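For reference, entry05.cif is printed below; it contains mmCIF, C-alpha atoms.
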```cif
data_work
#
loop_
_atom_site.group_PDB
_atom_site.id
_atom_site.type_symbol
_atom_site.label_atom_id
_atom_site.label_comp_id
_atom_site.auth_asym_id
_atom_site.auth_seq_id
_atom_site.Cartn_x
_atom_site.Cartn_y
_atom_site.Cartn_z
ATOM 1 C CA MET E 1 98.521 116.870 142.595
ATOM 2 C CA SER E 2 97.524 115.402 139.237
ATOM 3 C CA VAL E 3 99.557 115.446 136.074
ATOM 4 C CA PRO E 4 97.799 117.233 133.198
ATOM 5 C CA ASP E 5 97.180 115.267 130.026
ATOM 6 C CA ALA E 6 100.131 115.781 127.757
ATOM 7 C CA PRO E 7 99.693 115.538 123.991
ATOM 8 C CA PRO E 8 101.358 112.565 122.331
ATOM 9 C CA PRO E 9 104.861 113.175 120.974
ATOM 10 C CA ASN E 10 105.124 114.695 117.500
ATOM 11 C CA GLY E 11 101.416 115.542 117.605
ATOM 12 C CA ALA E 12 100.462 112.024 116.538
ATOM 13 C CA ASP E 13 97.010 111.071 117.709
ATOM 14 C CA PRO E 14 96.410 107.349 117.096
ATOM 15 C CA ALA E 15 92.637 107.818 117.131
ATOM 16 C CA ALA E 16 92.663 110.630 114.570
ATOM 17 C CA ARG E 17 91.713 109.692 111.024
ATOM 18 C CA ARG E 18 92.950 111.541 108.033
ATOM 19 C CA ALA E 19 89.965 112.793 106.082
ATOM 20 C CA ILE E 20 90.088 112.849 102.326
ATOM 21 C CA GLY E 21 88.474 115.696 100.438
ATOM 22 C CA GLY E 22 84.909 115.614 99.200
ATOM 23 C CA PHE E 23 85.899 115.485 95.539
ATOM 24 C CA LEU E 24 88.365 112.656 96.109
ATOM 25 C CA ALA E 25 85.803 110.696 98.125
ATOM 26 C CA ALA E 26 83.216 111.086 95.353
ATOM 27 C CA LEU E 27 85.783 110.036 92.746
ATOM 28 C CA LEU E 28 86.754 106.935 94.742
ATOM 29 C CA ILE E 29 83.098 105.992 95.213
ATOM 30 C CA LEU E 30 82.497 106.402 91.475
ATOM 31 C CA ILE E 31 85.507 104.205 90.665
ATOM 32 C CA GLY E 32 84.265 101.649 93.202
ATOM 33 C CA ILE E 33 80.864 101.541 91.516
ATOM 34 C CA VAL E 34 82.537 100.972 88.151
ATOM 35 C CA LEU E 35 84.524 98.110 89.700
ATOM 36 C CA LEU E 36 81.275 96.566 90.947
ATOM 37 C CA LEU E 37 79.810 96.270 87.452
ATOM 38 C CA PRO E 38 81.827 93.234 86.249
ATOM 39 C CA GLY E 39 80.842 91.320 89.366
ATOM 40 C CA LEU E 40 77.178 92.166 88.944
ATOM 41 C CA CYS E 41 77.293 91.118 85.302
ATOM 42 C CA SER E 42 79.001 87.849 86.210
ATOM 43 C CA LEU E 43 76.468 87.209 88.952
ATOM 44 C CA PHE E 44 73.695 87.555 86.388
ATOM 45 C CA PHE E 45 75.368 85.074 84.036
ATOM 46 C CA VAL E 46 76.206 82.629 86.852
ATOM 47 C CA THR E 47 72.555 82.449 87.824
ATOM 48 C CA ALA E 48 71.541 82.098 84.174
ATOM 49 C CA PHE E 49 73.964 79.216 83.612
ATOM 50 C CA LEU E 50 73.111 77.450 86.858
ATOM 51 C CA SER E 51 69.362 77.718 86.368
ATOM 52 C CA GLY E 52 69.545 76.569 82.734
ATOM 53 C CA LYS E 53 71.084 73.555 81.136
ATOM 54 C CA GLY E 54 74.140 75.398 79.853
ATOM 55 C CA SER E 55 77.662 74.395 80.723
ATOM 56 C CA ALA E 56 79.927 76.984 82.310
ATOM 57 C CA GLY E 57 83.052 75.344 80.927
ATOM 58 C CA GLY E 58 86.152 77.400 81.723
ATOM 59 C CA LEU E 59 84.226 80.444 82.820
ATOM 60 C CA GLY E 60 84.662 79.644 86.516
ATOM 61 C CA VAL E 61 88.088 81.292 86.676
ATOM 62 C CA LEU E 62 86.821 84.344 84.813
ATOM 63 C CA TRP E 63 83.886 84.639 87.201
ATOM 64 C CA LEU E 64 86.225 84.341 90.170
ATOM 65 C CA ILE E 65 88.394 87.163 88.823
ATOM 66 C CA THR E 66 85.394 89.431 88.279
ATOM 67 C CA PHE E 67 84.134 88.721 91.795
ATOM 68 C CA VAL E 68 87.554 89.669 93.190
ATOM 69 C CA VAL E 69 87.431 92.923 91.199
ATOM 70 C CA ALA E 70 83.953 93.605 92.580
ATOM 71 C CA ALA E 71 85.202 92.937 96.115
ATOM 72 C CA GLY E 72 87.929 95.519 95.482
ATOM 73 C CA GLY E 73 85.214 97.972 94.441
ATOM 74 C CA ILE E 74 83.324 97.311 97.663
ATOM 75 C CA LEU E 75 86.479 97.909 99.713
ATOM 76 C CA LEU E 76 87.206 101.125 97.804
ATOM 77 C CA ILE E 77 83.693 102.441 98.402
ATOM 78 C CA ARG E 78 83.944 101.503 102.076
ATOM 79 C CA TYR E 79 87.305 103.287 102.423
ATOM 80 C CA ALA E 80 86.032 106.435 100.711
ATOM 81 C CA TRP E 81 82.831 106.480 102.774
ATOM 82 C CA ARG E 82 84.636 106.116 106.106
ATOM 83 C CA ASN E 83 87.328 108.703 105.363
ATOM 84 C CA ARG E 84 85.222 111.420 103.788
#
```

Using the file provided, produce a representation of the structure as structure tokens.
Amino acid sequence: MSVPDAPPPNGADPAARRAIGGFLAALLILIGIVLLLPGLCSLFFVTAFLSGKGSAGGLGVLWLITFVVAAGGILLIRYAWRNR
């Protein structure tokens, strides 16, 4: 005789994902796109400085910060897209 599959205690299913609402997902994606803009702008200026004869000076730290903000935007978009 086989034992029937019993649900996990407290109704917790480890494979179940909690879906966020459609409006919240769209809002998070919009915020993520806004967070991408500083990184895209910095990428444009990095290529302009590296291709020209200009000196970046102390802008390296600022560019690093904007790239980290853009990475946060990518992660936010990814989270919203997977949990919609």

Skipping near chain neighbours, those fewer than 3 positions away, what residues fall within 12 Å of E:Leu35 using all atoms listed in the file, listed as a list in words?
Leu28, Ile29, Leu30, Ile31, Gly32, Pro38, Gly39, Leu40, Cys41, Ile65, Thr66, Phe67, Val68, Val69, Ala70, Ala71, Gly72, Gly73, Ile74, Leu75, Leu76 and Ile77 of chain E

For a test of reading the model, state the distance in Å between atom CA of E:Leu43 and atom CA of E:Leu64, rounded to one decimal.
10.2 Å

Which residues, written as a PDB file with C-alpha atoms, keeping the file's coordinate frame, have at least one atom at most 9 Å from E:Val46, with all atoms listed in the file counted and residues fewer than 3 positions away on the same chain left out?
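Dumped everything to part_31.pdb:
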```pdb
ATOM      1  CA  CYS E  41      77.293  91.118  85.302  1.00  0.00           C
ATOM      2  CA  SER E  42      79.001  87.849  86.210  1.00  0.00           C
ATOM      3  CA  LEU E  43      76.468  87.209  88.952  1.00  0.00           C
ATOM      4  CA  PHE E  49      73.964  79.216  83.612  1.00  0.00           C
ATOM      5  CA  LEU E  50      73.111  77.450  86.858  1.00  0.00           C
ATOM      6  CA  SER E  51      69.362  77.718  86.368  1.00  0.00           C
ATOM      7  CA  ALA E  56      79.927  76.984  82.310  1.00  0.00           C
ATOM      8  CA  GLY E  60      84.662  79.644  86.516  1.00  0.00           C
ATOM      9  CA  TRP E  63      83.886  84.639  87.201  1.00  0.00           C
TER      10      TRP E  63
END
```

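Coordinates place atom CA of E:Asp5 at a distance of 22.7 Å from atom CA of E:Arg18.
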
Hey, can you check how far atom CA of E:Arg78 sits from atom CA of E:Ile33?
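Atom-to-atom, atom CA of E:Arg78 to atom CA of E:Ile33, that is 11.0 Å.
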
Using all atoms listed in the file, pick whichever of E:Ala48, E:Leu62, E:Leu37, E:Leu27 has the shortest atom-to-atom distance to E:Arg84.
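Closest to E:Arg84 of all the choices is E:Leu27.
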
Edge lengths and centre in Å, axis-aligned, stretch 47-53 of chain E plus 4 Å each side, as JSON:
```
{"center_x": 71.7, "center_y": 78.0, "center_z": 84.5, "size_x": 12.6, "size_y": 16.9, "size_z": 14.7}
```

Got a sec to resolve the PyMOL selection byres ((chain E and resi 83) around 7) on this structure and send the residues as a ChimeraX atom specification?
/E:18-20,79-82,84

Add whatever atoms are absent from stretch 36-62 of chain E to reach N, CA and C atoms, and provide the output as an mmCIF file, in the coordinates of the input.
```cif
data_model
loop_
_atom_site.group_PDB
_atom_site.id
_atom_site.type_symbol
_atom_site.label_atom_id
_atom_site.label_comp_id
_atom_site.auth_asym_id
_atom_site.auth_seq_id
_atom_site.Cartn_x
_atom_site.Cartn_y
_atom_site.Cartn_z
ATOM 1 N N LEU E 36 82.340 97.501 90.583
ATOM 2 C CA LEU E 36 81.275 96.566 90.947
ATOM 3 C C LEU E 36 80.574 95.978 89.720
ATOM 4 N N LEU E 37 80.569 96.690 88.628
ATOM 5 C CA LEU E 37 79.810 96.270 87.452
ATOM 6 C C LEU E 37 80.217 94.906 86.881
ATOM 7 N N PRO E 38 81.505 94.573 86.760
ATOM 8 C CA PRO E 38 81.827 93.234 86.249
ATOM 9 C C PRO E 38 81.306 92.111 87.148
ATOM 10 N N GLY E 39 81.349 92.329 88.444
ATOM 11 C CA GLY E 39 80.842 91.320 89.366
ATOM 12 C C GLY E 39 79.346 91.148 89.267
ATOM 13 N N LEU E 40 78.633 92.257 89.094
ATOM 14 C CA LEU E 40 77.178 92.166 88.944
ATOM 15 C C LEU E 40 76.808 91.466 87.640
ATOM 16 N N CYS E 41 77.539 91.763 86.587
ATOM 17 C CA CYS E 41 77.293 91.118 85.302
ATOM 18 C C CYS E 41 77.573 89.617 85.401
ATOM 19 N N SER E 42 78.667 89.263 86.048
ATOM 20 C CA SER E 42 79.001 87.849 86.210
ATOM 21 C C SER E 42 77.972 87.139 87.078
ATOM 22 N N LEU E 43 77.492 87.808 88.099
ATOM 23 C CA LEU E 43 76.468 87.209 88.952
ATOM 24 C C LEU E 43 75.215 86.897 88.151
ATOM 25 N N PHE E 44 74.850 87.793 87.256
ATOM 26 C CA PHE E 44 73.695 87.555 86.388
ATOM 27 C C PHE E 44 73.907 86.312 85.522
ATOM 28 N N PHE E 45 75.098 86.204 84.920
ATOM 29 C CA PHE E 45 75.368 85.074 84.036
ATOM 30 C C PHE E 45 75.553 83.762 84.814
ATOM 31 N N VAL E 46 76.085 83.831 86.024
ATOM 32 C CA VAL E 46 76.206 82.629 86.852
ATOM 33 C C VAL E 46 74.831 82.066 87.143
ATOM 34 N N THR E 47 73.909 82.927 87.534
ATOM 35 C CA THR E 47 72.555 82.449 87.824
ATOM 36 C C THR E 47 71.873 81.943 86.563
ATOM 37 N N ALA E 48 72.140 82.564 85.429
ATOM 38 C CA ALA E 48 71.541 82.098 84.174
ATOM 39 C C ALA E 48 72.081 80.726 83.794
ATOM 40 N N PHE E 49 73.376 80.507 83.955
ATOM 41 C CA PHE E 49 73.964 79.216 83.612
ATOM 42 C C PHE E 49 73.533 78.126 84.589
ATOM 43 N N LEU E 50 73.469 78.470 85.873
ATOM 44 C CA LEU E 50 73.111 77.450 86.858
ATOM 45 C C LEU E 50 71.640 77.082 86.804
ATOM 46 N N SER E 51 70.790 78.027 86.444
ATOM 47 C CA SER E 51 69.362 77.718 86.368
ATOM 48 C C SER E 51 69.003 77.008 85.056
ATOM 49 N N GLY E 52 69.797 77.217 84.024
ATOM 50 C CA GLY E 52 69.545 76.569 82.734
ATOM 51 C C GLY E 52 70.333 75.290 82.604
ATOM 52 N N LYS E 53 70.368 74.798 81.400
ATOM 53 C CA LYS E 53 71.084 73.555 81.136
ATOM 54 C C LYS E 53 72.447 73.808 80.503
ATOM 55 N N GLY E 54 72.865 75.063 80.485
ATOM 56 C CA GLY E 54 74.140 75.398 79.853
ATOM 57 C C GLY E 54 75.316 74.964 80.698
ATOM 58 N N SER E 55 76.429 74.775 80.049
ATOM 59 C CA SER E 55 77.662 74.395 80.723
ATOM 60 C C SER E 55 78.554 75.627 80.863
ATOM 61 N N ALA E 56 79.080 75.826 82.055
ATOM 62 C CA ALA E 56 79.927 76.984 82.310
ATOM 63 C C ALA E 56 81.301 76.810 81.691
ATOM 64 N N GLY E 57 81.745 75.584 81.538
ATOM 65 C CA GLY E 57 83.052 75.344 80.927
ATOM 66 C C GLY E 57 84.176 75.980 81.723
ATOM 67 N N GLY E 58 85.016 76.751 81.074
ATOM 68 C CA GLY E 58 86.152 77.400 81.723
ATOM 69 C C GLY E 58 85.844 78.787 82.249
ATOM 70 N N LEU E 59 84.591 79.101 82.361
ATOM 71 C CA LEU E 59 84.226 80.444 82.820
ATOM 72 C C LEU E 59 84.350 80.624 84.331
ATOM 73 N N GLY E 60 84.566 79.543 85.059
ATOM 74 C CA GLY E 60 84.662 79.644 86.516
ATOM 75 C C GLY E 60 85.795 80.548 86.964
ATOM 76 N N VAL E 61 86.939 80.448 86.317
ATOM 77 C CA VAL E 61 88.088 81.292 86.676
ATOM 78 C C VAL E 61 87.792 82.749 86.338
ATOM 79 N N LEU E 62 87.181 82.977 85.198
ATOM 80 C CA LEU E 62 86.821 84.344 84.813
ATOM 81 C C LEU E 62 85.827 84.942 85.802
#
```
